[in-house]
file structure.cif (mmCIF, C-alpha atoms and all ligand atoms)
data_model
loop_
_atom_site.label_atom_id
_atom_site.label_comp_id
_atom_site.auth_asym_id
_atom_site.auth_seq_id
_atom_site.Cartn_x
_atom_site.Cartn_y
_atom_site.Cartn_z
CA MET A 1 85.55 150.60 103.89
CA VAL A 2 85.57 147.58 101.63
CA GLN A 3 86.93 144.55 103.45
CA LYS A 4 90.41 143.71 102.18
CA ASP A 5 89.77 140.08 101.41
CA LEU A 6 86.79 140.70 99.09
CA LYS A 7 89.12 140.67 96.09
CA VAL A 8 92.84 139.99 96.39
CA LEU A 9 94.91 141.16 93.44
CA LEU A 10 98.52 140.52 92.49
CA ASP A 11 100.68 142.73 90.28
CA VAL A 12 101.57 141.85 86.70
CA GLU A 13 105.13 141.00 87.82
CA ASP A 14 103.69 138.47 90.26
CA VAL A 15 102.85 136.01 87.47
CA PRO A 16 104.92 133.03 88.66
CA LYS A 17 108.42 132.68 87.22
CA GLN A 18 108.52 128.94 87.99
CA TYR A 19 106.04 126.08 87.93
CA TYR A 20 105.77 123.63 90.82
CA ASN A 21 106.31 119.99 89.83
CA ILE A 22 104.89 117.50 92.34
CA ASN A 23 106.93 114.50 91.08
CA PRO A 24 109.57 114.66 93.87
CA ASP A 25 106.87 115.14 96.53
CA LEU A 26 104.44 112.35 95.61
CA PRO A 27 103.79 109.89 98.46
CA GLU A 28 104.89 107.01 96.21
CA PRO A 29 107.32 107.40 93.30
CA PRO A 30 105.40 107.98 90.06
CA ALA A 31 104.64 104.70 88.26
CA PRO A 32 105.94 104.71 84.67
CA PRO A 33 103.59 104.40 81.68
CA LEU A 34 103.74 100.85 80.34
CA ASN A 35 103.79 99.33 76.90
CA PRO A 36 100.48 97.38 76.98
CA ALA A 37 101.90 94.50 74.92
CA THR A 38 105.11 93.87 76.88
CA LYS A 39 104.15 95.48 80.21
CA GLU A 40 107.58 97.14 80.14
CA PRO A 41 108.01 100.85 80.94
CA ILE A 42 107.84 103.06 77.84
CA PRO A 43 111.13 104.89 77.28
CA PRO A 44 110.76 108.69 77.16
CA GLU A 45 112.15 108.65 73.60
CA ALA A 46 109.09 106.71 72.45
CA LEU A 47 106.76 109.28 74.01
CA LYS A 48 108.56 111.98 72.05
CA THR A 49 107.14 110.55 68.81
CA ILE A 50 103.70 111.56 70.17
CA PHE A 51 104.22 114.70 72.27
CA PRO A 52 106.51 117.73 71.95
CA ASN A 53 109.92 116.85 73.49
CA GLU A 54 109.75 119.49 76.19
CA LEU A 55 106.46 118.07 77.50
CA VAL A 56 108.02 114.62 77.86
CA ASN A 57 111.07 116.09 79.61
CA LEU A 58 108.79 117.86 82.08
CA GLU A 59 106.67 114.73 82.57
CA ILE A 60 109.61 112.75 83.92
CA SER A 61 111.43 115.64 85.57
CA GLY A 62 112.40 115.33 89.22
CA GLU A 63 113.03 119.08 89.58
CA ARG A 64 110.63 120.63 92.07
CA PHE A 65 110.61 124.08 90.45
CA VAL A 66 110.76 124.58 86.69
CA ASN A 67 111.42 127.90 84.96
CA ILE A 68 108.59 129.41 82.92
CA PRO A 69 109.89 130.92 79.64
CA GLU A 70 109.43 134.70 79.39
CA GLU A 71 107.33 134.36 76.19
CA VAL A 72 104.95 132.09 78.09
CA ARG A 73 104.75 134.49 81.04
CA GLU A 74 104.03 137.33 78.64
CA MET A 75 101.16 135.37 77.10
CA TYR A 76 99.83 134.60 80.59
CA ILE A 77 99.75 138.32 81.25
CA ARG A 78 97.89 138.93 77.97
CA VAL A 79 95.20 136.43 79.05
CA ASN A 80 94.65 138.19 82.36
CA ARG A 81 97.05 136.51 84.76
CA PRO A 82 97.45 136.96 87.66
CA SER A 83 93.79 136.10 88.28
CA PRO A 84 91.88 137.43 91.30
CA LEU A 85 91.20 135.53 94.51
CA CYS A 86 87.73 136.54 95.67
CA ARG A 87 85.55 135.98 98.69
CA ALA A 88 81.91 134.88 98.35
CA THR A 89 80.48 136.89 101.26
CA ARG A 90 77.00 136.99 99.77
CA LEU A 91 76.96 133.18 99.47
CA GLU A 92 78.26 132.92 103.06
CA LYS A 93 75.38 135.10 104.28
CA TYR A 94 72.84 133.15 102.28
CA LEU A 95 74.11 129.88 103.76
CA LYS A 96 74.35 131.45 107.24
CA THR A 97 77.72 129.78 107.65
CA PRO A 98 80.54 130.97 109.92
CA ALA A 99 82.97 129.66 107.26
CA LYS A 100 84.78 131.97 104.86
CA ILE A 101 84.39 130.91 101.23
CA PHE A 102 87.01 132.01 98.72
CA PHE A 103 87.31 131.25 95.02
CA LYS A 104 90.12 131.60 92.52
CA ARG A 105 88.88 132.96 89.19
CA GLU A 106 90.11 131.02 86.18
CA ASP A 107 87.15 132.16 84.06
CA LEU A 108 88.43 135.65 83.24
CA ASN A 109 90.32 135.07 80.00
CA PRO A 110 89.43 134.85 76.30
CA CYS A 111 88.66 131.12 76.58
CA GLY A 112 86.77 131.27 79.88
CA SER A 113 88.55 128.44 81.68
CA HIS A 114 91.88 127.40 83.22
CA LYS A 115 92.88 125.53 80.05
CA PRO A 116 95.01 128.29 78.45
CA ASN A 117 97.54 127.84 81.30
CA THR A 118 98.79 124.63 79.69
CA ALA A 119 97.73 125.36 76.10
CA ILE A 120 100.04 128.37 76.00
CA ALA A 121 103.00 126.39 77.35
CA GLN A 122 102.41 123.41 75.05
CA SER A 123 101.93 125.55 71.99
CA TYR A 124 105.04 127.61 72.77
CA TYR A 125 107.23 124.50 73.11
CA ALA A 126 105.75 122.99 69.93
CA MET A 127 106.53 126.22 68.05
CA LYS A 128 110.10 126.20 69.41
CA GLU A 129 110.52 122.60 68.21
CA GLY A 130 109.33 123.45 64.68
CA ILE A 131 106.04 121.54 64.94
CA THR A 132 103.46 122.95 62.49
CA ARG A 133 100.25 121.14 63.52
CA LEU A 134 98.81 119.78 66.78
CA THR A 135 95.91 117.32 66.93
CA THR A 136 93.78 117.05 70.02
CA GLU A 137 90.46 116.03 71.51
CA THR A 138 87.95 118.19 73.31
CA GLY A 139 84.93 117.44 75.48
CA ALA A 140 82.79 120.48 76.08
CA GLY A 141 85.12 122.52 73.86
CA GLN A 142 87.12 124.43 76.47
CA TRP A 143 90.35 122.55 75.80
CA GLY A 144 89.88 122.76 72.03
CA SER A 145 89.29 126.50 72.19
CA ALA A 146 92.25 127.06 74.52
CA LEU A 147 94.63 125.11 72.26
CA ALA A 148 93.20 126.78 69.14
CA PHE A 149 93.73 130.16 70.81
CA ALA A 150 97.32 129.41 71.85
CA ASN A 151 98.22 127.83 68.50
CA CYS A 152 96.76 130.85 66.74
CA MET A 153 99.01 133.11 68.83
CA PHE A 154 102.12 131.00 68.13
CA GLY A 155 101.36 130.23 64.46
CA ILE A 156 100.52 126.50 64.58
CA LYS A 157 97.62 124.64 62.92
CA THR A 158 95.01 122.90 65.13
CA THR A 159 92.87 119.82 64.42
CA VAL A 160 90.23 119.10 67.05
CA TYR A 161 88.10 115.98 67.56
CA MET A 162 85.13 117.15 69.60
CA VAL A 163 82.96 114.70 71.55
CA ARG A 164 79.74 114.45 69.53
CA VAL A 165 77.22 115.18 72.32
CA SER A 166 79.09 118.38 73.13
CA TYR A 167 79.43 119.26 69.44
CA ASP A 168 75.63 119.12 69.30
CA GLN A 169 74.96 120.68 72.75
CA LYS A 170 77.51 123.50 72.45
CA PRO A 171 77.85 124.76 68.89
CA GLY A 172 79.22 128.08 70.17
CA ARG A 173 82.46 126.38 71.20
CA ARG A 174 83.01 125.09 67.67
CA THR A 175 82.65 128.62 66.34
CA ILE A 176 85.25 129.89 68.83
CA MET A 177 87.74 127.22 67.74
CA GLN A 178 87.10 128.07 64.10
CA MET A 179 87.53 131.79 64.81
CA TYR A 180 91.02 130.85 66.02
CA GLY A 181 91.59 128.97 62.76
CA ALA A 182 91.12 125.38 63.96
CA GLU A 183 89.48 122.56 61.99
CA VAL A 184 86.88 120.79 64.15
CA PHE A 185 85.27 117.36 63.66
CA PRO A 186 82.55 115.68 65.76
CA SER A 187 83.85 112.45 67.32
CA PRO A 188 83.37 109.62 66.53
CA SER A 189 84.03 110.84 63.00
CA GLU A 190 84.37 109.30 59.57
CA ARG A 191 87.96 110.58 59.38
CA THR A 192 89.59 107.76 61.33
CA LYS A 193 89.43 103.96 61.24
CA PHE A 194 88.41 103.87 64.90
CA GLY A 195 85.69 106.48 64.39
CA ARG A 196 84.27 104.62 61.38
CA LYS A 197 84.20 101.36 63.36
CA LEU A 198 82.25 102.95 66.23
CA LEU A 199 79.79 104.67 63.89
CA LYS A 200 79.13 101.38 62.12
CA GLU A 201 78.28 99.74 65.47
CA ASN A 202 76.22 102.70 66.65
CA PRO A 203 75.43 105.58 64.26
CA ALA A 204 74.17 107.61 67.28
CA HIS A 205 77.34 107.05 69.36
CA PRO A 206 77.53 110.04 71.77
CA GLY A 207 81.32 109.94 71.86
CA SER A 208 83.54 110.36 74.90
CA LEU A 209 86.87 111.95 75.72
CA GLY A 210 88.51 108.52 75.43
CA VAL A 211 87.16 108.04 71.91
CA ALA A 212 88.17 111.55 70.82
CA ILE A 213 91.70 111.00 72.16
CA SER A 214 91.94 107.81 70.06
CA GLU A 215 90.91 109.70 66.92
CA ALA A 216 93.31 112.59 67.52
CA LEU A 217 96.13 110.06 68.05
CA GLU A 218 95.23 108.08 64.94
CA ASP A 219 95.19 111.30 62.88
CA MET A 220 98.61 112.28 64.24
CA MET A 221 100.12 108.82 63.62
CA THR A 222 98.78 108.40 60.08
CA ALA A 223 99.37 111.96 58.82
CA LYS A 224 102.93 112.24 60.20
CA ASP A 225 103.02 116.06 59.90
CA ALA A 226 101.76 116.64 63.42
CA LYS A 227 102.17 115.95 67.09
CA TYR A 228 99.48 115.38 69.64
CA SER A 229 98.46 117.58 72.53
CA LEU A 230 96.65 116.47 75.67
CA GLY A 231 94.75 118.98 77.81
CA SER A 232 94.81 117.15 81.14
CA VAL A 233 95.83 113.92 82.94
CA LEU A 234 99.62 114.22 82.42
CA THR A 235 101.74 115.44 85.32
CA SER A 236 103.40 117.94 82.96
CA VAL A 237 100.00 119.47 82.13
CA ILE A 238 99.18 119.78 85.83
CA THR A 239 102.60 121.33 86.41
CA HIS A 240 101.67 124.07 83.90
CA GLN A 241 98.43 124.58 85.80
CA THR A 242 100.22 125.19 89.10
CA VAL A 243 100.32 128.90 88.27
CA ILE A 244 96.79 128.84 89.75
CA GLY A 245 97.82 127.50 93.15
CA LEU A 246 101.10 129.44 93.29
CA GLU A 247 99.21 132.70 92.77
CA ALA A 248 96.51 131.72 95.28
CA LYS A 249 99.14 130.86 97.89
CA LYS A 250 100.64 134.34 97.53
CA GLN A 251 97.18 135.93 97.67
CA PHE A 252 96.33 134.13 100.91
CA GLU A 253 99.63 135.34 102.37
CA MET A 254 98.70 138.92 101.43
CA ILE A 255 95.59 138.71 103.63
CA ASP A 256 97.28 136.71 106.42
CA THR A 257 94.89 133.83 105.92
CA LYS A 258 95.52 130.11 105.71
CA PRO A 259 93.06 127.95 103.80
CA ASP A 260 91.69 124.93 105.71
CA VAL A 261 89.92 123.21 102.82
CA LEU A 262 90.72 123.37 99.09
CA VAL A 263 88.08 122.10 96.71
CA GLY A 264 88.15 121.50 92.97
CA CYS A 265 86.35 119.51 90.29
CA VAL A 266 88.04 116.66 88.46
CA GLY A 267 87.77 115.54 84.86
CA GLY A 268 91.32 114.47 84.15
CA GLY A 269 92.59 116.32 87.23
CA SER A 270 94.40 119.35 85.80
CA ASN A 271 92.57 122.28 87.38
CA PHE A 272 92.28 120.48 90.71
CA GLY A 273 95.97 119.57 90.63
CA GLY A 274 97.14 122.98 89.44
CA PHE A 275 95.15 124.64 92.20
CA SER A 276 95.94 122.25 95.04
CA TYR A 277 99.45 120.86 94.47
CA PRO A 278 101.32 123.97 95.65
CA PHE A 279 99.26 123.80 98.88
CA ILE A 280 99.90 120.06 99.19
CA TYR A 281 103.59 120.96 99.15
CA GLU A 282 102.96 123.49 101.97
CA ASN A 283 101.23 120.71 103.93
CA LYS A 284 104.20 118.44 103.36
CA LYS A 285 106.52 121.14 104.73
CA LYS A 286 104.16 121.42 107.75
CA LYS A 287 103.50 125.08 106.97
CA LEU A 288 99.84 124.34 106.37
CA ASN A 289 97.33 121.80 107.62
CA ALA A 290 94.70 121.87 104.92
CA ARG A 291 92.34 119.21 103.54
CA PHE A 292 92.00 118.66 99.82
CA VAL A 293 88.65 117.66 98.33
CA ALA A 294 88.34 116.46 94.73
CA VAL A 295 84.79 116.42 93.33
CA GLU A 296 83.50 114.34 90.42
CA PRO A 297 80.08 113.57 88.93
CA LYS A 298 78.16 110.64 90.44
CA SER A 299 77.71 109.32 86.88
CA VAL A 300 81.47 109.28 86.15
CA PRO A 301 82.79 108.03 89.50
CA SER A 302 86.38 107.15 88.58
CA MET A 303 87.95 108.39 91.85
CA THR A 304 85.21 107.16 94.20
CA GLU A 305 84.23 103.87 92.54
CA GLY A 306 86.96 103.14 90.00
CA LYS A 307 89.78 100.61 90.35
CA TYR A 308 93.39 101.68 90.95
CA GLU A 309 95.11 99.85 88.10
CA TYR A 310 96.92 100.22 84.81
CA ASP A 311 94.54 101.26 82.03
CA PHE A 312 94.65 102.95 78.66
CA GLY A 313 94.29 106.73 78.53
CA ASP A 314 92.02 106.47 75.48
CA SER A 315 89.18 104.17 74.42
CA ALA A 316 90.78 102.38 71.46
CA GLY A 317 93.77 101.21 73.50
CA MET A 318 96.34 103.16 71.49
CA THR A 319 98.08 104.92 74.38
CA PRO A 320 100.55 103.49 76.85
CA THR A 321 98.80 102.27 79.99
CA LEU A 322 98.83 104.49 83.08
CA LEU A 323 98.44 103.59 86.76
CA MET A 324 95.32 105.47 87.84
CA TYR A 325 91.77 105.25 89.21
CA THR A 326 89.71 104.15 86.24
CA LEU A 327 86.25 102.94 85.28
CA GLY A 328 87.78 101.00 82.40
CA HIS A 329 88.64 102.49 79.03
CA ASN A 330 85.43 101.11 77.49
CA PHE A 331 83.25 103.07 79.93
CA ILE A 332 80.84 105.35 78.06
CA PRO A 333 79.76 108.15 80.41
CA SER A 334 76.16 109.36 80.26
CA PRO A 335 75.76 112.63 78.34
CA ILE A 336 75.85 114.99 81.34
CA HIS A 337 76.34 118.70 80.73
CA ALA A 338 79.71 118.82 82.50
CA GLY A 339 81.35 117.52 79.31
CA GLY A 340 84.83 118.26 80.66
CA LEU A 341 84.29 115.73 83.44
CA ARG A 342 83.30 112.81 81.20
CA TYR A 343 86.60 110.92 81.39
CA HIS A 344 87.00 107.28 82.45
CA GLY A 345 90.30 107.80 84.28
CA CYS A 346 92.04 110.30 86.53
CA ALA A 347 95.54 111.81 86.46
CA PRO A 348 98.15 109.30 87.74
CA SER A 349 99.65 111.91 90.09
CA LEU A 350 96.23 112.69 91.59
CA SER A 351 95.40 108.97 91.79
CA ASN A 352 98.65 108.48 93.72
CA LEU A 353 97.61 111.22 96.19
CA ILE A 354 94.11 109.77 96.61
CA LYS A 355 95.44 106.24 97.09
CA ASN A 356 97.72 107.58 99.85
CA LYS A 357 94.91 109.59 101.47
CA VAL A 358 96.44 113.01 100.86
CA VAL A 359 93.40 113.97 98.77
CA GLU A 360 89.76 113.05 99.54
CA ALA A 361 87.40 112.25 96.67
CA VAL A 362 83.62 112.79 96.63
CA SER A 363 80.91 112.65 93.96
CA TYR A 364 77.60 114.46 93.48
CA PRO A 365 74.64 113.95 91.13
CA GLN A 366 74.15 116.41 88.27
CA LEU A 367 71.01 118.03 89.69
CA ASP A 368 72.74 118.86 93.02
CA THR A 369 75.53 120.61 91.15
CA PHE A 370 73.13 122.63 89.00
CA GLN A 371 71.29 123.72 92.16
CA ALA A 372 74.63 124.90 93.54
CA ALA A 373 75.30 126.85 90.32
CA ASP A 374 71.83 128.39 90.56
CA MET A 375 72.52 129.50 94.15
CA PHE A 376 75.85 131.03 93.11
CA ALA A 377 74.31 132.93 90.19
CA LYS A 378 71.61 134.34 92.49
CA THR A 379 73.97 135.28 95.33
CA GLU A 380 77.35 136.10 93.75
CA GLY A 381 76.08 136.90 90.26
CA ILE A 382 78.43 134.53 88.45
CA ILE A 383 77.23 131.72 86.17
CA VAL A 384 79.80 128.96 86.51
CA ALA A 385 80.52 126.12 84.08
CA PRO A 386 78.68 122.87 84.83
CA GLU A 387 82.11 121.34 85.55
CA THR A 388 82.87 124.09 88.08
CA SER A 389 79.48 123.61 89.72
CA HIS A 390 80.89 120.35 91.15
CA ALA A 391 83.63 122.25 92.97
CA LEU A 392 81.07 124.80 94.11
CA LYS A 393 78.78 122.05 95.42
CA GLY A 394 81.75 120.59 97.31
CA ALA A 395 82.53 123.99 98.84
CA ILE A 396 78.89 124.52 99.87
CA VAL A 397 78.78 121.10 101.56
CA GLU A 398 81.95 122.03 103.49
CA ALA A 399 80.47 125.41 104.47
CA LEU A 400 77.26 123.77 105.72
CA ASN A 401 79.32 121.30 107.76
CA CYS A 402 81.03 124.30 109.36
CA LYS A 403 77.61 125.73 110.16
CA LYS A 404 76.54 122.50 111.85
CA LYS A 405 79.74 122.40 113.93
CA GLY A 406 80.06 126.16 114.44
CA GLU A 407 83.50 126.22 112.81
CA GLU A 408 84.99 129.30 111.14
CA LYS A 409 87.00 127.44 108.52
CA VAL A 410 88.52 128.97 105.41
CA ILE A 411 87.28 127.17 102.33
CA CYS A 412 88.56 127.91 98.84
CA PHE A 413 87.37 126.43 95.58
CA ASN A 414 88.77 126.81 92.10
CA LEU A 415 86.34 128.55 89.77
CA SER A 416 87.64 126.65 86.74
CA GLY A 417 85.41 128.30 84.14
CA HIS A 418 82.29 130.30 83.34
CA GLY A 419 79.07 128.79 82.04
CA LEU A 420 78.10 131.35 79.44
CA LEU A 421 78.44 128.80 76.66
CA ASP A 422 76.62 126.12 78.61
CA LEU A 423 73.23 127.77 78.62
CA GLY A 424 71.49 124.79 77.01
CA GLY A 425 72.10 122.81 80.19
CA TYR A 426 70.92 125.64 82.41
CA ASP A 427 67.85 126.04 80.22
CA LYS A 428 66.94 122.39 80.85
CA PHE A 429 67.56 122.93 84.57
CA LEU A 430 65.27 125.97 84.71
CA SER A 431 62.47 124.17 82.88
CA GLY A 432 62.73 121.16 85.20
CA GLN A 433 63.90 118.75 82.48
CA LEU A 434 67.32 118.05 84.00
CA LYS A 435 68.00 114.64 85.45
C1 LIG B 1 88.11 120.94 81.18
C2 LIG B 1 87.48 121.54 82.34
C3 LIG B 1 87.44 120.87 83.58
C4 LIG B 1 87.94 119.48 83.79
O1 LIG B 1 89.24 119.20 83.41
P1 LIG B 1 90.42 119.01 84.45
O2 LIG B 1 91.58 118.59 83.63
O3 LIG B 1 90.00 117.97 85.44
O4 LIG B 1 90.62 120.33 85.08
C5 LIG B 1 86.88 121.54 84.65
N1 LIG B 1 86.35 122.77 84.53
C6 LIG B 1 86.34 123.42 83.35
C7 LIG B 1 85.73 124.77 83.27
C8 LIG B 1 86.92 122.84 82.23
O5 LIG B 1 86.96 123.50 81.08
#
call {"tool": "encode", "arguments": {"input": "structure.cif", "output": "structure tokens", "more": "lines below"}}
Ligand SMILES: *Cc1c(COP(=O)(O)O)cnc(C)c1O
result
Amino acid sequence: MVQKDLKVLLDVEDVPKQYYNINPDLPEPPAPPLNPATKEPIPPEALKTIFPNELVNLEISGERFVNIPEEVREMYIRVNRPSPLCRATRLEKYLKTPAKIFFKREDLNPCGSHKPNTAIAQSYYAMKEGITRLTTETGAGQWGSALAFANCMFGIKTTVYMVRVSYDQKPGRRTIMQMYGAEVFPSPSERTKFGRKLLKENPAHPGSLGVAISEALEDMMTAKDAKYSLGSVLTSVITHQTVIGLEAKKQFEMIDTKPDVLVGCVGGGSNFGGFSYPFIYENKKKKLNARFVAVEPKSVPSMTEGKYEYDFGDSAGMTPTLLMYTLGHNFIPSPIHAGGLRYHGCAPSLSNLIKNKVVEAVSYPQLDTFQAADMFAKTEGIIVAPETSHALKGAIVEALNCKKKGEEKVICFNLSGHGLLDLGGYDKFLSGQLK
């Protein structure tokens, strides 16, 4: 007989009907975004000139549970929600650990990552509000392809500024976005004042998420026919992502198991938050006593080495400032393959939780994470995204600690995406060229 926790499946009707919003449960009340010139809080009305109204309403909402529109649930079902919770028994055996290692699969949809969870919601609300074009940035291309996909489904135009190193490393992503009808420009680009300035200073500028955000914002503000969409960082975006954790919580209940350690990778914080926040709420209610481990690259150490202070969300200094762990908005991350983790800051809600010791943060060097991905491919047969390999590395470290101490803990990591469009990085790893 197959063991019942090898793959835990929910029914179609089990796609959550409500999101979980962590705002009322944060250890400290959320700090408002500030106007950088006056240092005064930005009124929500001002944010509505940038983002769809409904996103701003959710951002400041104090409601713990928020209804998910039926059209959004239906689209979740089309993109393969609910997603499976699986157990990595072959990895456990290979590691000779007494720990149980689970993973939640966010790679099994047309875009191959967790990003459609918020793209679908954002695109739906934009469509409802009569918005005809959304501008955005993308790192490795997962966010751009998720928004292009969702906008294509809801009949909205997409303009994507793609970080130049990723544009060059991952041309397949650009093709996907274009297949969904998006226009895609490498960033820094000649299309914006900020892009032209950076290219003049350094024609080989590798770009960064911060720079691409600035360009997408400048496009939106000058063209006036569009609004802007952000794929991470905001509490509202993480709230959309909580479908991951809400499903996983139900799946653990189905097998009478309580997770002891939840691990995820962090770029802006959306997959980690979406996966862990519903469990953090269980901890708060004393129904669970889990640890939460957020993993970032050693070369982009915002959570582990950054300062907790107000900083811009982008590189040009066009956004309101946010209270978060940050390396400074001028930080240019090295061109690692986990493009989705090359962000100078970290979600304010997650920063709040780290500051108050609810979440632990760790960092690992690129090569360690690729070795973890290699081990997972050879044991479980799944090639994870370089971003996800950070979560995997974190889970393996936890499992090896259990081995040392003889502890049978339940570890679960979020498999945020597959790596089938990141083969250039894995090629370098296999030929020993990866640093
Ligand atoms: C974008 C991305 C990330 C990082 O973004 P978060 O907002 O921190 O989740 C992680 N994994 C994958 C596969 C991604 O596409």
call {"tool": "residues_near_ligand", "arguments": {"input": "structure.cif", "ligand": "ligand LIG 1 (chain B)", "cutoff": "7 Å", "atoms": "only C-alpha atoms and all ligand atoms", "output": "VMD selection string"}}
result
chain A and resid 113 to 115 142 to 143 231 to 233 265 to 272 340 to 341 385 387 to 388 416 to 418
call {"tool": "closest_residue", "arguments": {"input": "structure.cif", "among": "A:Ala140, A:Met324, A:Ile176, A:Leu434", "to": "Phe370 in chain A", "atoms": "only C-alpha atoms"}}
result
A:Leu434
call {"tool": "atom_distance", "arguments": {"input": "structure.cif", "atom1": "CA of Phe102 in chain A", "atom2": "CA of His240 in chain A"}}
result
22.3 Å
call {"tool": "residues_around", "arguments": {"input": "structure.cif", "residues": "Asp219 in chain A", "least_positions_apart": "3", "cutoff": "8 Å", "atoms": "all atoms listed in the file", "output": "list in words"}}
result
Thr135, Thr192, Glu215, Ala216, Thr222 and Ala223 of chain A
call {"tool": "residues_around", "arguments": {"input": "structure.cif", "residues": "Asn67 in chain A", "least_positions_apart": "4", "cutoff": "8 Å", "atoms": "all atoms listed in the file", "output": "VMD selection string"}}
result
chain A and resid 17 to 19
call {"tool": "closest_residue", "arguments": {"input": "structure.cif", "among": "A:Glu201, A:Glu305, A:Asp260, A:Glu45", "to": "Cys412 in chain A", "atoms": "only C-alpha atoms"}}
result
A:Asp260
call {"tool": "residues_around", "arguments": {"input": "structure.cif", "residues": "range 48-61 of chain A", "least_positions_apart": "3", "cutoff": "6 Å", "atoms": "only C-alpha atoms", "output": "ChimeraX atom specification"}}
result
/A:45,126,227-228,235-236
call {"tool": "closest_residue", "arguments": {"input": "structure.cif", "among": "A:Met318, A:Leu350, A:Leu230, A:Ala88", "to": "Thr379 in chain A", "atoms": "all atoms listed in the file"}}
result
A:Ala88
call {"tool": "atom_distance", "arguments": {"input": "structure.cif", "atom1": "CA of Pro348 in chain A", "atom2": "CA of Pro116 in chain A"}}
result
21.4 Å
call {"tool": "atom_distance", "arguments": {"input": "structure.cif", "atom1": "CA of Gly345 in chain A", "atom2": "CA of Tyr325 in chain A"}}
result
5.7 Å
call {"tool": "closest_residue", "arguments": {"input": "structure.cif", "among": "A:Lys200, A:Lys435, A:Lys224, A:Arg342", "to": "Leu134 in chain A", "atoms": "only C-alpha atoms"}}
result
A:Lys224
call {"tool": "closest_residue", "arguments": {"input": "structure.cif", "among": "A:Lys96, A:Lys284, A:Arg78, A:Arg291", "to": "Asp25 in chain A", "atoms": "only C-alpha atoms"}}
result
A:Lys284
call {"tool": "closest_residue", "arguments": {"input": "structure.cif", "among": "A:Asn289, A:Ser189, A:Ser276, A:Thr319", "to": "Met221 in chain A", "atoms": "only C-alpha atoms"}}
result
A:Thr319
call {"tool": "residues_around", "arguments": {"input": "structure.cif", "residues": "range 26-34 of chain A", "least_positions_apart": "5", "cutoff": "10 Å", "atoms": "only C-alpha atoms", "output": "PDB file with C-alpha atoms, keeping the file's coordinate frame"}}
result
ATOM      1  CA  ASN A  21     106.310 119.990  89.830  1.00  0.00           C
ATOM      2  CA  LYS A  39     104.150  95.480  80.210  1.00  0.00           C
ATOM      3  CA  GLU A  40     107.580  97.140  80.140  1.00  0.00           C
ATOM      4  CA  PRO A  41     108.010 100.850  80.940  1.00  0.00           C
ATOM      5  CA  ILE A  42     107.840 103.060  77.840  1.00  0.00           C
ATOM      6  CA  PRO A  43     111.130 104.890  77.280  1.00  0.00           C
ATOM      7  CA  PRO A  44     110.760 108.690  77.160  1.00  0.00           C
ATOM      8  CA  LEU A  47     106.760 109.280  74.010  1.00  0.00           C
ATOM      9  CA  ILE A  60     109.610 112.750  83.920  1.00  0.00           C
ATOM     10  CA  THR A 235     101.740 115.440  85.320  1.00  0.00           C
ATOM     11  CA  TYR A 277      99.450 120.860  94.470  1.00  0.00           C
ATOM     12  CA  ILE A 280      99.900 120.060  99.190  1.00  0.00           C
ATOM     13  CA  TYR A 281     103.590 120.960  99.150  1.00  0.00           C
ATOM     14  CA  LYS A 284     104.200 118.440 103.360  1.00  0.00           C
ATOM     15  CA  TYR A 310      96.920 100.220  84.810  1.00  0.00           C
ATOM     16  CA  ASP A 311      94.540 101.260  82.030  1.00  0.00           C
ATOM     17  CA  PHE A 312      94.650 102.950  78.660  1.00  0.00           C
ATOM     18  CA  THR A 319      98.080 104.920  74.380  1.00  0.00           C
ATOM     19  CA  PRO A 320     100.550 103.490  76.850  1.00  0.00           C
ATOM     20  CA  THR A 321      98.800 102.270  79.990  1.00  0.00           C
ATOM     21  CA  LEU A 322      98.830 104.490  83.080  1.00  0.00           C
ATOM     22  CA  LEU A 323      98.440 103.590  86.760  1.00  0.00           C
ATOM     23  CA  MET A 324      95.320 105.470  87.840  1.00  0.00           C
ATOM     24  CA  PRO A 348      98.150 109.300  87.740  1.00  0.00           C
ATOM     25  CA  SER A 349      99.650 111.910  90.090  1.00  0.00           C
ATOM     26  CA  LEU A 350      96.230 112.690  91.590  1.00  0.00           C
ATOM     27  CA  ASN A 352      98.650 108.480  93.720  1.00  0.00           C
ATOM     28  CA  LEU A 353      97.610 111.220  96.190  1.00  0.00           C
ATOM     29  CA  ILE A 354      94.110 109.770  96.610  1.00  0.00           C
ATOM     30  CA  LYS A 355      95.440 106.240  97.090  1.00  0.00           C
ATOM     31  CA  ASN A 356      97.720 107.580  99.850  1.00  0.00           C
ATOM     32  CA  LYS A 357      94.910 109.590 101.470  1.00  0.00           C
ATOM     33  CA  VAL A 358      96.440 113.010 100.860  1.00  0.00           C
TER      34      VAL A 358
END
call {"tool": "residues_around", "arguments": {"input": "structure.cif", "residues": "Val397 in chain A", "least_positions_apart": "2", "cutoff": "12 Å", "atoms": "only C-alpha atoms", "output": "count of residues only"}}
result
29
call {"tool": "axis_aligned_box", "arguments": {"input": "structure.cif", "around": "range 397-400 of chain A", "padding_each_side": "6 Å", "output": "lines of an AutoDock Vina configuration file"}}
result
center_x = 79.6
center_y = 123.3
center_z = 103.6
size_x = 16.7
size_y = 16.3
size_z = 16.2
